[in-house]
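K.L.:
This is model_15.csv (CSV, C-alpha atoms).
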chain,number,residue,atom,x,y,z
A,1,MET,CA,79.1,135.7,93.7
A,2,GLY,CA,81.8,133.0,93.6
A,3,PRO,CA,83.4,133.5,97.0
A,4,LEU,CA,80.0,133.9,98.6
A,5,ALA,CA,78.8,130.6,97.2
A,6,LEU,CA,82.0,129.1,98.6
A,7,LEU,CA,81.4,130.5,102.1
A,8,GLY,CA,77.9,129.0,102.0
A,9,LEU,CA,79.2,125.7,100.9
A,10,ALA,CA,81.9,125.8,103.6
A,11,SER,CA,79.4,126.6,106.3
A,12,GLN,CA,77.2,123.7,105.1
A,13,HIS,CA,80.1,121.4,105.2
A,14,MET,CA,81.0,122.5,108.7
A,15,LYS,CA,77.4,121.8,109.8
A,16,TRP,CA,77.6,118.4,108.3
A,17,LEU,CA,81.0,117.7,110.0
A,18,SER,CA,79.6,118.7,113.4
A,19,VAL,CA,76.7,116.4,112.9
A,20,ARG,CA,79.2,113.7,112.1
A,21,GLN,CA,81.2,114.5,115.2
A,22,ALA,CA,78.0,114.1,117.3
A,23,ALA,CA,77.4,110.7,115.6
A,24,VAL,CA,81.0,109.6,116.3
A,25,SER,CA,80.8,110.6,120.0
A,26,GLN,CA,77.5,108.8,120.3
A,27,ASN,CA,79.1,105.6,119.0
A,28,LEU,CA,82.1,106.0,121.3
A,29,ALA,CA,79.8,106.6,124.3
A,30,ASN,CA,77.8,103.4,123.4
A,31,VAL,CA,80.8,101.2,122.9
A,32,SER,CA,79.5,98.8,125.5
A,33,THR,CA,75.7,99.2,125.3
A,34,PRO,CA,74.0,95.9,124.4
A,35,GLY,CA,72.2,96.0,121.1
A,36,PHE,CA,73.5,99.4,120.0
A,37,ARG,CA,74.2,99.7,116.3
A,38,ALA,CA,76.9,102.1,115.1
A,39,MET,CA,75.6,105.2,113.4
A,40,ASP,CA,77.0,107.4,110.6
A,41,VAL,CA,75.7,110.3,108.5
A,42,ARG,CA,75.0,110.2,104.8
A,43,PRO,CA,78.1,111.2,102.8
A,44,PHE,CA,78.3,114.9,102.1
A,45,GLN,CA,78.2,114.4,98.3
A,46,ASP,CA,74.8,112.8,98.6
A,47,VAL,CA,73.6,115.6,100.8
A,48,LEU,CA,74.7,118.2,98.3
A,49,GLN,CA,73.0,116.5,95.4
A,50,ARG,CA,69.8,116.4,97.3
A,51,VAL,CA,70.1,120.1,97.9
A,52,GLN,CA,70.4,120.9,94.2
A,53,THR,CA,67.2,119.1,93.3
A,54,ASP,CA,65.3,121.0,95.9
A,55,LEU,CA,62.3,123.3,95.4
A,56,ALA,CA,63.0,126.9,94.7
A,57,THR,CA,61.6,129.6,96.9
A,58,THR,CA,60.3,132.3,94.5
A,59,HIS,CA,58.0,134.2,96.9
A,60,ALA,CA,58.6,135.8,100.2
A,61,ASP,CA,55.9,133.7,101.8
A,62,HIS,CA,57.4,130.4,100.7
A,63,ILE,CA,58.8,128.4,103.5
A,64,ALA,CA,62.5,128.2,103.0
A,65,ALA,CA,63.3,124.6,103.1
A,66,SER,CA,66.7,124.0,104.6
A,67,PRO,CA,67.1,120.4,103.4
A,68,LEU,CA,70.7,120.2,104.4
A,69,SER,CA,70.3,120.4,108.1
A,70,ALA,CA,67.5,117.8,108.0
A,71,ALA,CA,69.2,115.6,105.5
A,72,SER,CA,72.6,115.6,107.2
A,73,SER,CA,71.2,115.0,110.6
A,74,ALA,CA,69.4,111.9,109.4
A,75,LEU,CA,71.6,109.3,111.0
A,76,ARG,CA,71.7,105.9,109.4
A,77,GLN,CA,73.2,102.7,110.5
A,78,ALA,CA,76.8,102.3,109.5
A,79,ASP,CA,77.5,99.2,107.5
A,80,GLY,CA,80.4,96.9,107.2
A,81,SER,CA,81.3,96.4,110.9
A,82,ASP,CA,80.9,93.1,112.7
A,83,VAL,CA,78.5,92.6,115.6
A,84,THR,CA,79.5,91.2,119.0
A,85,THR,CA,77.4,88.7,120.9
A,86,SER,CA,75.7,91.5,122.8
A,87,GLY,CA,74.4,93.0,119.5
A,88,ASN,CA,76.8,95.9,119.5
A,89,SER,CA,78.5,96.9,116.3
A,90,VAL,CA,80.7,99.8,117.4
A,91,ASN,CA,84.4,99.5,116.4
A,92,LEU,CA,86.5,101.7,118.6
A,93,GLU,CA,89.4,102.0,116.1
A,94,GLN,CA,87.1,102.8,113.2
A,95,GLU,CA,85.4,105.5,115.2
A,96,LEU,CA,88.6,107.1,116.3
A,97,LEU,CA,89.8,107.1,112.6
A,98,LYS,CA,86.5,108.8,111.7
A,99,ALA,CA,87.0,111.4,114.4
A,100,GLY,CA,90.4,112.1,113.0
A,101,ASP,CA,88.9,112.6,109.5
A,102,VAL,CA,86.3,115.0,111.0
A,103,ASN,CA,89.0,117.0,112.8
A,104,ARG,CA,91.2,117.3,109.7
A,105,ASP,CA,88.4,118.3,107.4
A,106,TYR,CA,87.1,120.8,109.9
A,107,ALA,CA,90.6,122.4,110.2
A,108,LEU,CA,90.9,122.5,106.4
A,109,ASN,CA,87.5,124.1,106.2
A,110,ALA,CA,88.2,126.7,108.9
A,111,GLY,CA,91.5,127.5,107.2
A,112,VAL,CA,89.8,128.0,103.8
A,113,VAL,CA,87.1,130.2,105.3
A,114,LYS,CA,89.7,132.2,107.1
A,115,SER,CA,91.8,132.9,104.1
A,116,PHE,CA,88.7,133.8,101.9
A,117,HIS,CA,87.6,136.1,104.6
A,118,ARG,CA,91.0,137.8,104.6
A,119,MET,CA,90.8,138.1,100.8
A,120,LEU,CA,87.3,139.7,101.0
A,121,LEU,CA,88.5,142.1,103.7
A,122,ALA,CA,91.5,143.0,101.6
A,123,SER,CA,89.4,143.8,98.6
A,124,VAL,CA,87.0,145.9,100.7
A,125,LYS,CA,89.8,147.8,102.2
A,126,GLY,CA,91.4,148.3,98.8
A,127,GLY,CA,94.5,146.3,99.6
A,128,ALA,CA,95.8,148.8,102.0
B,1,MET,CA,67.6,122.0,117.7
B,2,ILE,CA,70.7,121.9,119.8
B,3,ASP,CA,74.1,122.5,118.2
B,4,PRO,CA,75.5,119.1,117.2
B,5,LEU,CA,78.9,119.9,118.7
B,6,GLN,CA,77.3,120.7,122.0
B,7,SER,CA,75.3,117.5,121.9
B,8,ALA,CA,78.6,115.7,121.0
B,9,LEU,CA,80.1,117.1,124.1
B,10,ARG,CA,77.2,116.0,126.3
B,11,ILE,CA,77.0,112.5,124.8
B,12,ALA,CA,80.7,112.0,125.3
B,13,GLY,CA,80.3,113.3,128.9
B,14,SER,CA,77.6,110.8,129.6
B,15,GLY,CA,79.9,108.1,128.3
B,16,LEU,CA,82.6,109.2,130.8
B,17,ASP,CA,80.0,109.1,133.5
B,18,VAL,CA,78.9,105.5,132.9
B,19,GLN,CA,82.4,104.3,132.4
B,20,SER,CA,83.4,105.7,135.8
B,21,ALA,CA,80.4,104.0,137.3
B,22,ARG,CA,81.6,100.8,135.7
B,23,MET,CA,85.1,101.3,137.0
B,24,ARG,CA,83.6,101.7,140.5
B,25,VAL,CA,81.7,98.3,140.2
B,26,VAL,CA,84.8,96.6,138.8
B,27,SER,CA,87.0,97.8,141.6
B,28,GLU,CA,84.4,96.8,144.2
B,29,ASN,CA,84.5,93.3,142.7
B,30,ILE,CA,88.3,93.1,142.8
B,31,ALA,CA,88.4,94.5,146.4
B,32,ASN,CA,86.0,91.8,147.5
B,33,ALA,CA,87.5,89.0,145.6
B,34,SER,CA,88.0,87.1,148.8
B,35,SER,CA,85.4,88.5,151.1
B,36,THR,CA,83.7,85.5,152.8
B,37,GLY,CA,80.9,85.5,155.3
B,38,SER,CA,81.6,85.4,159.0
B,39,THR,CA,78.9,83.1,160.3
B,40,LEU,CA,78.3,79.3,159.9
B,41,GLY,CA,77.7,78.6,156.2
B,42,ALA,CA,77.1,82.3,155.3
B,43,ASP,CA,77.1,83.5,151.7
B,44,PRO,CA,80.2,85.4,150.6
B,45,TYR,CA,80.3,88.6,148.5
B,46,ALA,CA,78.4,88.1,145.2
B,47,ARG,CA,79.9,89.7,142.1
B,48,LYS,CA,78.1,92.7,140.8
B,49,THR,CA,77.5,93.5,137.1
B,50,ILE,CA,76.5,96.8,135.5
B,51,SER,CA,74.6,97.4,132.3
B,52,PHE,CA,74.0,100.5,130.2
B,53,GLN,CA,71.2,101.9,128.3
B,54,ASN,CA,71.0,104.6,125.5
B,55,GLU,CA,68.1,107.0,126.2
B,56,MET,CA,66.8,110.2,124.6
B,57,SER,CA,67.2,113.0,127.1
B,58,ARG,CA,64.7,115.8,126.6
B,59,ALA,CA,66.7,118.2,128.7
B,60,ALA,CA,69.9,117.8,126.8
B,61,GLY,CA,68.2,117.3,123.4
B,62,ALA,CA,70.5,114.3,122.7
B,63,PRO,CA,70.5,110.6,123.2
B,64,LEU,CA,72.5,110.2,126.4
B,65,LEU,CA,73.9,107.1,128.0
B,66,ARG,CA,72.9,106.0,131.5
B,67,VAL,CA,73.4,103.1,133.8
B,68,ARG,CA,70.4,100.7,133.5
B,69,GLY,CA,71.1,98.9,136.7
B,70,ILE,CA,73.6,97.2,138.9
B,71,ASP,CA,72.8,93.5,139.3
B,72,VAL,CA,74.2,90.5,141.1
B,73,ASP,CA,75.9,87.8,139.2
B,74,GLN,CA,74.0,84.5,139.6
B,75,LYS,CA,77.0,82.3,139.0
B,76,PRO,CA,77.5,79.7,141.8
B,77,PHE,CA,80.1,80.4,144.5
B,78,ARG,CA,83.3,78.5,144.6
B,79,VAL,CA,83.8,76.2,147.6
B,80,GLU,CA,86.9,75.3,149.4
B,81,LEU,CA,87.6,72.9,152.2
B,82,ASN,CA,88.7,75.0,155.2
B,83,PRO,CA,87.2,73.6,158.5
B,84,GLY,CA,88.8,76.3,160.7
B,85,HIS,CA,87.2,79.2,158.9
B,86,PRO,CA,84.4,81.0,160.7
B,87,ALA,CA,82.1,80.7,157.6
B,88,ALA,CA,82.7,77.0,157.1
B,89,ASP,CA,79.6,74.8,157.1
B,90,GLU,CA,79.1,71.5,158.9
B,91,LYS,CA,81.3,69.6,156.5
B,92,GLY,CA,84.0,72.2,156.7
B,93,TYR,CA,83.5,73.8,153.3
B,94,VAL,CA,83.7,77.6,152.9
B,95,LYS,CA,81.9,79.5,150.1
B,96,LEU,CA,84.1,81.9,148.3
B,97,PRO,CA,83.0,84.8,146.1
B,98,ASN,CA,82.2,84.1,142.4
B,99,VAL,CA,84.7,86.8,141.4
B,100,ASP,CA,87.3,85.9,138.8
B,101,VAL,CA,90.0,88.4,139.2
B,102,LEU,CA,91.3,87.8,135.6
B,103,VAL,CA,87.8,88.6,134.2
B,104,GLU,CA,87.7,91.7,136.3
B,105,LEU,CA,91.1,92.9,135.2
B,106,ALA,CA,90.0,92.4,131.5
B,107,ASP,CA,86.9,94.4,132.2
B,108,LEU,CA,89.1,97.1,133.9
B,109,ARG,CA,91.2,97.4,130.8
B,110,GLU,CA,88.1,97.7,128.6
B,111,THR,CA,86.7,100.4,130.8
B,112,ASN,CA,90.0,102.2,130.7
B,113,ARG,CA,90.0,102.1,126.9
B,114,SER,CA,86.4,103.3,126.5
B,115,TYR,CA,87.1,106.1,129.0
B,116,GLN,CA,90.0,107.2,126.9
B,117,ALA,CA,88.0,107.1,123.7
B,118,ASN,CA,85.2,109.2,125.3
B,119,LEU,CA,87.8,111.7,126.6
B,120,GLN,CA,89.2,111.9,123.1
B,121,ALA,CA,85.7,112.7,121.8
B,122,VAL,CA,85.3,115.5,124.4
B,123,ARG,CA,88.7,116.9,123.6
B,124,GLN,CA,88.1,116.9,119.9
B,125,SER,CA,84.6,118.5,120.1
B,126,ARG,CA,86.1,121.3,122.1
B,127,GLU,CA,88.9,121.6,119.5
B,128,LEU,CA,86.3,122.0,116.7
B,129,ILE,CA,84.4,124.6,118.7
B,130,THR,CA,87.7,126.5,119.2
B,131,MET,CA,88.5,126.3,115.5
B,132,THR,CA,85.1,127.9,114.8
B,133,LEU,CA,85.6,130.7,117.3
B,134,ASP,CA,89.1,131.3,115.9
B,135,LEU,CA,87.4,132.3,112.6
B,136,LEU,CA,86.5,135.5,114.4
B,137,LYS,CA,90.2,136.3,115.0
B,138,ALA,CA,91.0,136.2,111.2
Will you turn the file into structure tokens for me?

P.N.:
Amino acid sequence: MGPLALLGLASQHMKWLSVRQAAVSQNLANVSTPGFRAMDVRPFQDVLQRVQTDLATTHADHIAASPLSAASSALRQADGSDVTTSGNSVNLEQELLKAGDVNRDYALNAGVVKSFHRMLLASVKGGA
Amino acid sequence: MIDPLQSALRIAGSGLDVQSARMRVVSENIANASSTGSTLGADPYARKTISFQNEMSRAAGAPLLRVRGIDVDQKPFRVELNPGHPAADEKGYVKLPNVDVLVELADLRETNRSYQANLQAVRQSRELITMTLDLLKA
């Protein structure tokens, strides 16, 4: 069950990262839109904790709540950046750094999934 | 719901779109930095400004950026004494465009920088999609 849980976690993290990438590119596109406030997603740790306290589905008719997609796509205003006179709070450098983070984490994630997939395949094939 | 990476691509694409429109307006201003009128006391070229707006697009399922409008700068024109000029008024003053080339050049640089940033977002979103597809090749 261990590796399967890991794959689920990895795909949730990937989903979260792609939502974050969308937020970053929205910020970059709106770098000169008057009154635009920079957005960011809730940290992945918070999203995970929210998932754990969620309702269990014990019956086939229960609607499977997928809180992760909803929670992670909930964009919130990023804090800690200064606002220009036009009311815009996007910081180009910060956004590019964030994009770099997303890229690195995504690559790591994909690498982990790939190697676990290889391990699973190896065990199925009997190590041949 | 649309895939976030796809919407990232579209949003960054709309960013490229408006920045190129801005580039067009800026180059128009620079090109016309000394376009005067040709008749007695006529008004010269007036500087154009561009503004953007973030708008939810139903078709794309993502908030896209678009040009809100191209307006005319209301700043007063510069005047210069040049009685021989065809656009000079009775006192010999010619109205010159209210374009400050230095400001336009700064705007050009800014446009360039945001275009690069948007391009980087497009490139990276594509990279992430490729990484996901590469999982199939494992």

K.L.:
Would you list which chain B residues are within 10 Å of chain A using only C-alpha atoms, as a ChimeraX atom specification?

P.N.:
/B:3-19,51-54,62-68,110-111,113-122,124-125,127-129,131-138

K.L.:
So what do you get for atom CA of B:Met56 versus atom CA of B:Ser27, distance-wise?

P.N.:
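Distance reported for this atom pair: 29.2 Å.
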
K.L.:
Between atom CA of A:Val41 and atom CA of B:Arg123, what is the distance in Å, rounded to a tenth?

P.N.:
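Computed distance, atom CA of A:Val41 to atom CA of B:Arg123, equals 21.0 Å.
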
K.L.:
Near B:His85, within 10 Å and counting all atoms listed in the file, which residues show up once chain neighbours fewer than 2 positions away are dropped, as a ChimeraX atom specification?

P.N.:
/B:36-41,81-83,87-89,92-94

K.L.:
Any idea what the distance is between atom CA of B:Ile70 and atom CA of B:Val26?

P.N.:
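Between atom CA of B:Ile70 and atom CA of B:Val26 the gap is 11.2 Å.
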
K.L.:
Near A:Gln77, within 8 Å and counting only C-alpha atoms, which residues show up once chain neighbours fewer than 3 positions away are dropped, as number ranges by chain?

P.N.:
A: 37-40

K.L.:
Output as JSON the centre and edge lengths (Å, one decimal) of the box along x, y and z of the file that holds every listed atom of stretch 55-65 of chain B after adding 4 Å on each side.

P.N.:
{"center_x": 69.3, "center_y": 112.6, "center_z": 125.7, "size_x": 17.2, "size_y": 19.2, "size_z": 14.0}

K.L.:
I'd like the neighbourhood of B:Ser35 as a list in words, where a residue qualifies if any of its atoms comes within 9 Å (using all atoms listed in the file), though same-chain residues fewer than 3 positions away should be ignored.

P.N.:
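Here the answer would be Ala31, Asn32, Pro44, Tyr45, Leu96 and Pro97 of chain B.
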